[in-house]
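Participant: File upload-v4.txt follows (compact mmCIF, C-alpha atoms):
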```txt
# COMPACT_ATOMS: atom_id res chain seq x y z
CA MET M 1396 -98.76 57.26 -99.86
CA ALA M 1397 -99.82 58.13 -96.35
CA PHE M 1398 -100.50 61.75 -95.71
CA VAL M 1399 -101.81 63.30 -92.55
CA SER M 1400 -105.25 64.52 -93.42
CA SER M 1401 -108.03 63.12 -91.27
CA PRO M 1402 -109.06 65.25 -88.28
CA ASP M 1403 -108.99 62.29 -85.88
CA ARG M 1404 -105.43 61.29 -86.69
CA ALA M 1405 -103.23 60.10 -83.86
CA VAL M 1406 -100.35 62.31 -84.92
CA PRO M 1407 -101.06 66.04 -84.68
CA ASN M 1408 -100.49 67.84 -87.94
CA VAL M 1409 -97.43 69.84 -87.11
CA THR M 1410 -96.48 72.64 -89.47
CA SER M 1411 -92.93 73.64 -90.23
CA ALA M 1412 -91.52 76.87 -91.60
CA LYS M 1413 -88.01 77.70 -92.68
CA ILE M 1414 -85.70 80.72 -92.64
CA VAL M 1415 -82.41 80.57 -94.52
CA VAL M 1416 -79.32 82.17 -92.97
CA ALA M 1417 -76.79 82.96 -95.70
CA GLY M 1418 -73.46 84.70 -96.04
CA GLY M 1419 -69.81 83.95 -96.63
CA PHE M 1420 -67.43 81.97 -94.47
CA GLY M 1421 -66.94 83.15 -90.93
CA VAL M 1422 -69.66 85.80 -90.87
CA GLY M 1423 -71.46 84.16 -87.96
CA LYS M 1424 -74.10 81.92 -89.55
CA THR M 1425 -73.36 79.02 -87.23
CA THR M 1426 -73.25 81.35 -84.25
CA LEU M 1427 -76.64 82.83 -85.06
CA VAL M 1428 -78.23 79.43 -85.62
CA SER M 1429 -76.82 78.01 -82.38
CA THR M 1430 -77.78 81.12 -80.40
CA VAL M 1431 -81.48 80.60 -81.08
CA SER M 1432 -81.75 76.86 -81.74
CA GLU M 1433 -83.19 74.49 -79.15
CA ILE M 1434 -80.99 71.71 -80.51
CA PRO M 1435 -77.23 71.89 -81.03
CA PRO M 1436 -76.79 72.91 -84.67
CA VAL M 1437 -76.46 69.83 -86.80
CA ASN M 1438 -73.71 70.15 -89.32
CA THR M 1439 -71.30 69.10 -92.00
CA GLU M 1440 -70.04 65.56 -91.61
CA ALA M 1441 -73.48 64.19 -91.06
CA TRP M 1442 -74.17 65.13 -94.64
CA MET M 1443 -71.23 63.34 -96.10
CA THR M 1444 -71.44 59.87 -97.46
CA GLN M 1445 -68.66 57.40 -96.81
CA ALA M 1446 -68.18 57.23 -100.55
CA SER M 1447 -67.28 60.89 -100.78
CA LYS M 1448 -65.12 60.70 -97.70
CA THR M 1449 -62.66 58.52 -99.56
CA VAL M 1450 -62.10 61.23 -102.16
CA ASP M 1451 -62.49 64.22 -99.83
CA PRO M 1452 -60.64 63.28 -96.66
CA LEU M 1453 -61.72 65.25 -93.65
CA ASN M 1454 -59.07 67.15 -91.84
CA GLY M 1455 -59.86 69.23 -88.80
CA ALA M 1456 -57.22 71.84 -89.57
CA ASP M 1457 -58.57 72.33 -93.08
CA ALA M 1458 -62.19 72.41 -91.99
CA LYS M 1459 -62.85 75.59 -93.98
CA THR M 1460 -61.22 74.39 -97.19
CA THR M 1461 -62.28 70.76 -97.43
CA THR M 1462 -65.17 69.86 -99.63
CA THR M 1463 -67.47 68.88 -96.81
CA VAL M 1464 -70.96 70.22 -97.14
CA ALA M 1465 -70.80 72.81 -94.41
CA MET M 1466 -74.43 73.32 -93.61
CA ASP M 1467 -75.87 73.98 -90.19
CA PHE M 1468 -79.43 73.88 -89.16
CA GLY M 1469 -81.32 74.56 -85.99
CA ARG M 1470 -84.84 74.22 -84.74
CA ILE M 1471 -87.20 76.30 -82.61
CA SER M 1472 -90.50 74.81 -81.47
CA LEU M 1473 -92.79 77.85 -81.52
CA ALA M 1474 -95.95 76.01 -80.58
CA ARG M 1475 -97.08 72.45 -80.07
CA ASP M 1476 -97.93 72.33 -83.76
CA LEU M 1477 -95.42 74.79 -85.25
CA ILE M 1478 -91.68 74.31 -85.74
CA LEU M 1479 -89.35 76.88 -87.24
CA TYR M 1480 -86.19 75.59 -88.89
CA LEU M 1481 -83.13 77.70 -89.57
CA PHE M 1482 -80.77 76.58 -92.30
CA GLY M 1483 -77.32 78.02 -92.75
CA THR M 1484 -76.11 77.84 -96.32
CA PRO M 1485 -72.88 76.08 -97.18
CA GLY M 1486 -70.29 78.69 -98.07
CA GLN M 1487 -68.43 77.13 -100.95
CA PRO M 1488 -69.59 78.10 -104.45
CA ARG M 1489 -69.49 74.48 -105.56
CA PHE M 1490 -72.42 73.77 -103.30
CA TRP M 1491 -74.70 76.32 -104.87
CA PRO M 1492 -77.12 73.73 -106.18
CA MET M 1493 -77.66 73.02 -102.51
CA TRP M 1494 -78.64 76.66 -101.96
CA ASP M 1495 -81.55 76.16 -104.35
CA ASP M 1496 -82.58 73.10 -102.41
CA LEU M 1497 -82.33 74.89 -99.06
CA CYS M 1498 -84.17 77.98 -100.28
CA ARG M 1499 -87.08 76.09 -101.82
CA GLY M 1500 -90.05 76.62 -99.56
CA ALA M 1501 -88.30 79.17 -97.32
CA SER M 1502 -90.36 81.99 -95.86
CA ALA M 1503 -87.47 84.45 -95.54
CA ALA M 1504 -83.71 84.83 -95.69
CA VAL M 1505 -81.14 86.70 -93.62
CA VAL M 1506 -77.83 87.48 -95.36
CA LEU M 1507 -75.18 88.02 -92.68
CA VAL M 1508 -72.24 90.30 -93.41
CA ASP M 1509 -69.04 91.14 -91.57
CA THR M 1510 -67.98 94.72 -92.29
CA ARG M 1511 -64.31 93.74 -92.03
CA ARG M 1512 -64.78 91.26 -94.87
CA LEU M 1513 -67.79 92.47 -96.79
CA GLU M 1514 -66.69 90.73 -99.97
CA VAL M 1515 -67.21 87.23 -98.59
CA SER M 1516 -70.93 87.90 -98.52
CA PHE M 1517 -71.17 89.38 -102.04
CA PRO M 1518 -72.07 86.00 -103.60
CA ALA M 1519 -74.90 85.54 -101.09
CA VAL M 1520 -76.31 89.00 -101.82
CA ASN M 1521 -76.05 88.32 -105.56
CA TYR M 1522 -77.80 85.01 -105.12
CA PHE M 1523 -80.84 86.49 -103.38
CA GLU M 1524 -80.96 89.47 -105.73
CA ASN M 1525 -80.78 87.43 -108.93
CA ASP M 1526 -81.35 83.73 -108.43
CA SER M 1527 -83.94 83.39 -105.70
CA ASP M 1528 -87.46 84.64 -105.07
CA VAL M 1529 -87.10 84.38 -101.31
CA PRO M 1530 -87.33 87.90 -99.80
CA PHE M 1531 -84.19 88.75 -97.85
CA VAL M 1532 -82.75 91.24 -95.40
CA VAL M 1533 -79.07 92.04 -94.85
CA ALA M 1534 -77.83 91.89 -91.26
CA VAL M 1535 -74.46 93.34 -90.24
CA ASN M 1536 -73.01 91.10 -87.56
CA LEU M 1537 -71.46 93.20 -84.79
CA PHE M 1538 -68.53 91.02 -83.92
CA ASP M 1539 -67.17 93.15 -81.11
CA GLY M 1540 -70.62 94.33 -80.13
CA ARG M 1541 -69.96 97.68 -81.80
CA GLN M 1542 -70.93 99.15 -85.11
CA THR M 1543 -67.82 100.16 -87.04
CA HIS M 1544 -69.45 101.52 -90.19
CA PRO M 1545 -72.64 103.53 -90.68
CA LEU M 1546 -75.30 101.40 -92.30
CA ASP M 1547 -75.64 103.64 -95.35
CA GLN M 1548 -71.93 103.13 -96.05
CA VAL M 1549 -72.44 99.39 -95.80
CA ARG M 1550 -75.41 99.64 -98.15
CA ASP M 1551 -73.32 101.55 -100.70
CA ALA M 1552 -70.46 99.08 -100.43
CA LEU M 1553 -72.77 96.12 -100.88
CA GLY M 1554 -74.74 97.84 -103.61
CA VAL M 1555 -78.08 96.61 -102.31
CA ALA M 1556 -81.28 98.41 -103.22
CA ASP M 1557 -83.01 100.68 -100.71
CA SER M 1558 -85.91 98.25 -100.73
CA VAL M 1559 -83.77 95.63 -98.99
CA PRO M 1560 -83.87 96.17 -95.22
CA LEU M 1561 -80.43 96.58 -93.64
CA LEU M 1562 -79.99 96.03 -89.93
CA THR M 1563 -77.43 95.15 -87.31
CA VAL M 1564 -77.33 91.97 -85.27
CA ASP M 1565 -75.19 90.50 -82.53
CA ALA M 1566 -75.27 86.82 -83.47
CA ARG M 1567 -74.09 85.87 -79.98
CA ASP M 1568 -77.17 87.47 -78.44
CA ARG M 1569 -80.43 85.57 -78.54
CA ARG M 1570 -82.73 88.59 -78.44
CA SER M 1571 -80.80 90.34 -81.18
CA SER M 1572 -80.72 87.23 -83.34
CA VAL M 1573 -84.45 86.73 -82.94
CA GLN M 1574 -84.97 90.38 -83.91
CA SER M 1575 -83.14 89.75 -87.18
CA LEU M 1576 -85.36 86.75 -87.88
CA LEU M 1577 -88.44 88.86 -87.14
CA ALA M 1578 -87.15 91.56 -89.50
CA SER M 1579 -86.79 88.99 -92.27
CA LEU M 1580 -90.35 87.71 -91.74
CA ASN M 1581 -91.80 91.23 -91.60
CA ASN M 1582 -89.95 91.98 -94.84
CA THR M 1583 -91.60 88.97 -96.48
CA MET M 1584 -94.99 90.22 -95.23
CA GLU M 1585 -94.32 93.56 -96.92
CA LYS M 1586 -93.00 92.09 -100.16
CA THR M 1587 -95.73 89.50 -100.72
CA ALA M 1588 -99.47 89.62 -101.21
CA PRO M 1589 -101.63 88.60 -98.24
CA ILE M 1590 -103.01 85.51 -99.98
CA ALA M 1591 -99.90 84.30 -101.69
CA THR M 1592 -99.90 81.63 -104.33
CA ARG M 1593 -96.88 79.56 -105.14
CA MET V 769 -71.83 58.46 -88.89
CA SER V 770 -72.56 54.88 -89.51
CA ALA V 771 -73.45 54.78 -93.18
CA ASN V 772 -72.41 51.59 -94.85
CA PRO V 773 -68.87 52.31 -96.08
CA TRP V 774 -68.84 49.63 -98.73
CA VAL V 775 -71.66 50.72 -101.00
CA ARG V 776 -72.10 53.85 -103.01
CA PRO V 777 -75.11 55.87 -101.84
CA TYR V 778 -77.57 55.14 -104.60
CA VAL V 779 -77.09 51.39 -104.43
CA LEU V 780 -79.24 51.79 -101.32
CA THR V 781 -82.06 53.27 -103.38
CA GLY V 782 -81.88 50.93 -106.34
CA GLY V 783 -80.32 53.69 -108.42
CA ARG V 784 -83.21 56.09 -107.90
CA THR V 785 -82.34 59.70 -107.23
CA ARG V 786 -85.72 61.38 -107.61
CA THR V 787 -88.86 61.18 -105.57
CA ARG V 788 -92.43 61.60 -106.74
CA HIS V 789 -93.19 64.21 -104.12
CA HIS V 790 -90.80 66.98 -103.41
CA LEU V 791 -89.67 66.67 -99.87
CA TYR V 792 -88.30 69.95 -98.61
CA VAL V 793 -85.42 69.77 -96.16
CA HIS V 794 -87.88 71.05 -93.54
CA THR V 795 -90.80 68.77 -94.45
CA LEU V 796 -91.91 66.92 -91.32
CA VAL V 797 -92.08 63.16 -91.16
CA SER V 798 -93.66 61.15 -88.36
CA VAL V 799 -94.65 57.62 -87.42
CA GLU V 800 -98.26 57.09 -86.42
CA ARG V 801 -97.93 53.58 -85.08
CA TYR V 802 -94.52 52.00 -84.62
CA ASP V 803 -94.45 48.44 -85.91
CA PRO V 804 -91.49 46.48 -84.47
CA THR V 805 -92.00 43.66 -86.98
CA ALA V 806 -91.77 46.06 -89.93
CA VAL V 807 -88.15 46.91 -89.14
CA LEU V 808 -87.11 43.34 -89.86
CA ARG V 809 -87.92 43.81 -93.53
CA LEU V 810 -86.15 47.16 -93.88
CA SER V 811 -82.63 47.90 -95.00
CA PRO V 812 -80.36 49.15 -92.19
CA GLU V 813 -80.64 52.72 -93.51
CA ALA V 814 -84.43 52.65 -93.83
CA ARG V 815 -84.64 51.06 -90.39
CA ARG V 816 -82.61 53.86 -88.82
CA LEU V 817 -84.83 56.48 -90.47
CA TYR V 818 -88.00 54.67 -89.38
CA GLU V 819 -86.86 54.26 -85.79
CA ARG V 820 -85.68 57.84 -85.55
CA ALA V 821 -88.95 59.17 -87.00
CA SER V 822 -90.88 57.20 -84.40
CA PHE V 823 -89.43 59.50 -81.69
CA GLY V 824 -91.66 62.32 -82.97
CA ALA V 825 -92.23 64.55 -85.98
CA GLN V 826 -88.89 65.56 -87.45
CA SER V 827 -87.70 67.22 -90.62
CA VAL V 828 -86.15 65.36 -93.54
CA ALA V 829 -82.86 67.16 -92.76
CA GLU V 830 -82.86 66.06 -89.12
CA LEU V 831 -83.54 62.46 -90.06
CA SER V 832 -80.76 62.55 -92.66
CA ALA V 833 -78.25 64.07 -90.26
CA HIS V 834 -79.08 61.93 -87.25
CA CYS V 835 -79.18 58.68 -89.20
CA GLY V 836 -76.02 59.37 -91.20
CA VAL V 837 -77.88 58.87 -94.46
CA SER V 838 -77.23 61.44 -97.17
CA LEU V 839 -80.04 63.85 -97.97
CA GLY V 840 -80.82 62.46 -101.42
CA VAL V 841 -80.91 58.86 -100.23
CA THR V 842 -83.02 59.89 -97.23
CA ARG V 843 -85.63 61.42 -99.53
CA VAL V 844 -85.95 58.26 -101.62
CA LEU V 845 -86.09 55.95 -98.59
CA LEU V 846 -88.66 58.13 -96.81
CA GLU V 847 -90.86 58.05 -99.86
CA ASP V 848 -90.65 54.24 -99.87
CA LEU V 849 -91.49 54.17 -96.16
CA ALA V 850 -94.47 56.46 -96.78
CA ALA V 851 -95.68 54.31 -99.68
CA ALA V 852 -95.61 51.30 -97.36
CA ASP V 853 -97.59 53.30 -94.74
CA HIS V 854 -94.71 53.14 -92.27
CA VAL V 855 -94.25 56.90 -92.04
CA LEU V 856 -96.46 59.93 -92.56
CA ILE V 857 -95.23 62.81 -94.65
CA ASN V 858 -96.96 65.84 -93.15
CA GLU V 859 -98.77 67.84 -95.76
CA GLU V 860 -97.91 71.50 -95.89
CA SER V 861 -100.68 73.22 -93.98
CA TYR V 862 -100.30 76.35 -96.08
CA SER V 863 -100.10 76.47 -99.85
CA SER V 864 -97.22 78.94 -99.80
CA PRO V 865 -94.32 79.72 -97.44
CA TYR V 866 -95.37 83.36 -97.91
CA ASP V 867 -98.91 82.77 -96.69
CA HIS V 868 -99.46 85.65 -94.29
CA ARG V 869 -101.32 83.43 -91.82
CA LEU V 870 -98.21 81.24 -91.54
CA LEU V 871 -95.88 84.26 -91.36
CA LYS V 872 -98.01 85.81 -88.64
CA ARG V 873 -97.99 82.64 -86.58
CA VAL V 874 -94.20 82.40 -86.85
CA ILE V 875 -93.78 86.10 -85.99
CA ASP V 876 -96.06 85.81 -82.96
CA GLY V 877 -94.28 82.64 -81.85
CA LEU V 878 -90.84 84.25 -82.18
CA ARG V 879 -91.95 87.36 -80.26
CA GLU V 880 -93.01 85.15 -77.40
CA PHE V 881 -89.77 83.19 -77.66
CA ALA V 882 -87.55 86.28 -77.59
```
What does this structure look like when you write it as C-alpha cells?
Facilitator:
Amino acid sequence: MAFVSSPDRAVPNVTSAKIVVAGGFGVGKTTLVSTVSEIPPVNTEAWMTQASKTVDPLNGADAKTTTTVAMDFGRISLARDLILYLFGTPGQPRFWPMWDDLCRGASAAVVLVDTRRLEVSFPAVNYFENDSDVPFVVAVNLFDGRQTHPLDQVRDALGVADSVPLLTVDARDRRSSVQSLLASLNNTMEKTAPIATR
Amino acid sequence: MSANPWVRPYVLTGGRTRTRHHLYVHTLVSVERYDPTAVLRLSPEARRLYERASFGAQSVAELSAHCGVSLGVTRVLLEDLAAADHVLINEESYSSPYDHRLLKRVIDGLREFA
C-alpha cells in the first residue's frame, strides 16, 4: 500500500475536508453547492451502474421520483494543499445508508430548509439530531430573497434545540452561501474539544 | 457514462465489496509517476481511474463520477491500484475532521474565498 508520507515526495500532501449539505427535495442543496463550487456540481447519473439502469429507467420528467442516487458534490480549492468538498445528500429515504457514508469524516453539516415546505427537511433534522455525530446548523433558504417567517417561529416549527444555530441563507448568492458554511464550521469549533479524537 | 453494460458491478472487483482501508468519499488519490505500460495490464475501469487520477489529486467521489464507475467498485479498484503502487492514497493529515487546526485552516480559506 502506497501512502504519501515521506517529506521529499513528488506529490504534495494535499488535505481534504468535507461539509455535508442536507435537506429535503427542492430546498436548494444543488443551488448552494453550485454557487460556491469551482467545478460544475457532479451528480446523479454518474453514480448509477448500467446494471441498475435496467431496473430503474431514467426519465427526465420523473427526475425527482426515479431511484437515481441524487447526490451532488462540489469542490473549493482553498489553498495549494487544502481542498474543501461539499456533498449534497440524496433526498430519498431509501438512500439513507448513503447518508452515513457521506457524513463519515465530515467536519460540519448544513441542513437547508424552505419555510414554505418545512416538512421536507424534517428527516434531515432528525438524522443529524439522532443518527449522526456531525455538528450541524439549520439554514433557512430565502427563495425570493426575503425572510417570510421570524427565525424563532421556524425554530419552534422544526423543534430544534436552542443549541443548534439557525440562520438564513440565499443559496443563489456566493457570499451568503459561504457565510452559511462558515457558520457550520464555527459551530463545530464550539461543539468540539480543541484537540479532538475520533 | 461508459461503464460496461454487460457485467454486474462486482464482477469487476472479483466479488469483493469491502476494502481494507476506509476510503472516504473525499479521500484524495493521486498518481506520483504515470506509467503508460501499467495501463495495458489494467481492466478498462481501473485504467480509467488510473488515467484520471494522473491529472492531479482528486477525491474518490470525483474519480467515481468522472470515470462512470460506481462508488463501491471505485473503492475496491483504487485499493488494488494502491497495493500495486500505481496510485497514492493521501493519508489524512489530521486525526479527526473536528481537529481545530483543520477547521481553522478551512475557515480562514473560506473567508479569503468569500
Participant: Fewer than 6 positions away in the same chain doesn't count, so skip those; otherwise give me all residues within 9 Å of Leu817 in chain V, counting all atoms listed in the file, as number ranges by chain.
Facilitator: V: 831-832, 834-835, 837, 842, 845-846
Participant: If you measure from CA of Gln1542 in chain M to CA of Gly1483 in chain M, what distance in Å do you get, rounded to one decimal?
Facilitator: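 CA of Gly1483 in chain M lies 23.4 Å from CA of Gln1542 in chain M.
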Participant: With only C-alpha atoms as the atoms that count, which of V:Val841, V:Ala814, V:Ala851, V:Val797 lies nearest to chain M?
Facilitator: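 Comparing V:Val841, V:Ala814, V:Ala851, V:Val797 against chain M, the winner is V:Ala851.
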Participant: Could you check which of M:Thr1583, M:Pro1560, M:Arg1475, M:Ala1417 is closest to chain V, using only C-alpha atoms?
Facilitator: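 Checking each of M:Thr1583, M:Pro1560, M:Arg1475, M:Ala1417 against chain V, counting only C-alpha atoms, the winner is M:Thr1583.
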Participant: Could you produce a table of the residues of chain V lying within 7 Å of chain M, with the nearest pair of atoms per residue and their separation in Å rounded to one decimal, using all atoms listed in the file, ordered by chain and increasing residue number, as a tab-separated table?
Facilitator:
```
residue	atom	partner	partner_atom	distance
V:Met769	CA	M:Ala1441	CA	6.3
V:Ala771	CA	M:Gln1445	CA	6.6
V:Pro773	CA	M:Gln1445	CA	5.1
V:Arg776	CA	M:Ala1446	CA	5.7
V:Pro777	CA	M:Thr1444	CA	7.0
V:Tyr792	CA	M:Gly1500	CA	7.0
V:Val793	CA	M:Leu1497	CA	6.6
V:His794	CA	M:Ser1411	CA	6.6
V:Thr795	CA	M:Ser1411	CA	6.8
V:Leu796	CA	M:Ser1411	CA	6.9
V:Glu800	CA	M:Val1406	CA	5.8
V:Ala833	CA	M:Ala1441	CA	4.8
V:Gly836	CA	M:Ala1441	CA	5.5
V:Ser838	CA	M:Trp1442	CA	5.4
V:Leu839	CA	M:Trp1442	CA	6.9
V:Ala850	CA	M:Met1396	CA	5.3
V:Ala851	CA	M:Met1396	CA	4.3
V:Asp853	CA	M:Ala1397	CA	5.6
V:Leu856	CA	M:Ala1397	CA	5.4
V:Ile857	CA	M:Phe1398	CA	5.5
V:Asn858	CA	M:Val1399	CA	5.5
V:Glu859	CA	M:Phe1398	CA	6.3
V:Glu860	CA	M:Thr1410	CA	6.7
V:Ser861	CA	M:Thr1410	CA	6.2
V:Ser863	CA	M:Thr1592	CA	6.8
V:Ser864	CA	M:Arg1593	CA	5.4
V:Pro865	CA	M:Ser1502	CA	4.8
V:Tyr866	CA	M:Ser1502	CA	5.6
V:Asp867	CA	M:Ala1591	CA	5.3
V:His868	CA	M:Pro1589	CA	5.4
V:Leu871	CA	M:Leu1580	CA	6.5
V:Ile875	CA	M:Leu1577	CA	6.1
V:Gly877	CA	M:Leu1473	CA	5.0
V:Leu878	CA	M:Leu1473	CA	6.7
V:Ala882	CA	M:Arg1570	CA	5.4
```
Participant: What's the separation between CA of Asn1582 in chain M and CA of Val1532 in chain M, in Å to one decimal place?
Facilitator: 7.3 Å
Participant: Grab the CA of Val855 in chain V to CA of Ala825 in chain V distance for me, in Å with one decimal place.
Facilitator: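 A separation of 10.0 Å between them.
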Participant: For Val1533 in chain M, please output as a ChimeraX atom specification all residues within 10 Å (counting only C-alpha atoms; exclusion window: fewer than 5 positions along the same chain).
Facilitator: /M:1417-1418,1504-1508,1516,1519-1520,1549-1550,1553,1555,1559-1564,1575,1578-1579
Participant: So, counting all atoms listed in the file, which residue among V:Val874, V:Leu849, V:Ala829, V:Val844 is closest to Ala806 in chain V?
Facilitator: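 Going through V:Val874, V:Leu849, V:Ala829, V:Val844 one by one, the smallest distance to Ala806 in chain V is for V:Leu849.
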Participant: Closest to Val807 in chain V among V:Arg869, V:His790, V:Arg879, V:His854, using only C-alpha atoms?
Facilitator: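 Closest to Val807 in chain V, using only C-alpha atoms: V:His854.
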Participant: Put the listed atoms of range 1558-1563 of chain M in a box along x, y and z with 8 Å added on every side and give me the centre and edge lengths in Å to one decimal, as AutoDock Vina command-line options.
Facilitator:
```
--center_x -81.7 --center_y 96.7 --center_z -94.0 --size_x 24.5 --size_y 19.1 --size_z 29.4
```
Participant: Please list as a PyMOL selection string every residue within 6 Å of Gly824 in chain V, counting all atoms listed in the file and excluding residues in the same chain fewer than 2 positions away.
Facilitator: chain V and resi 798+821-822
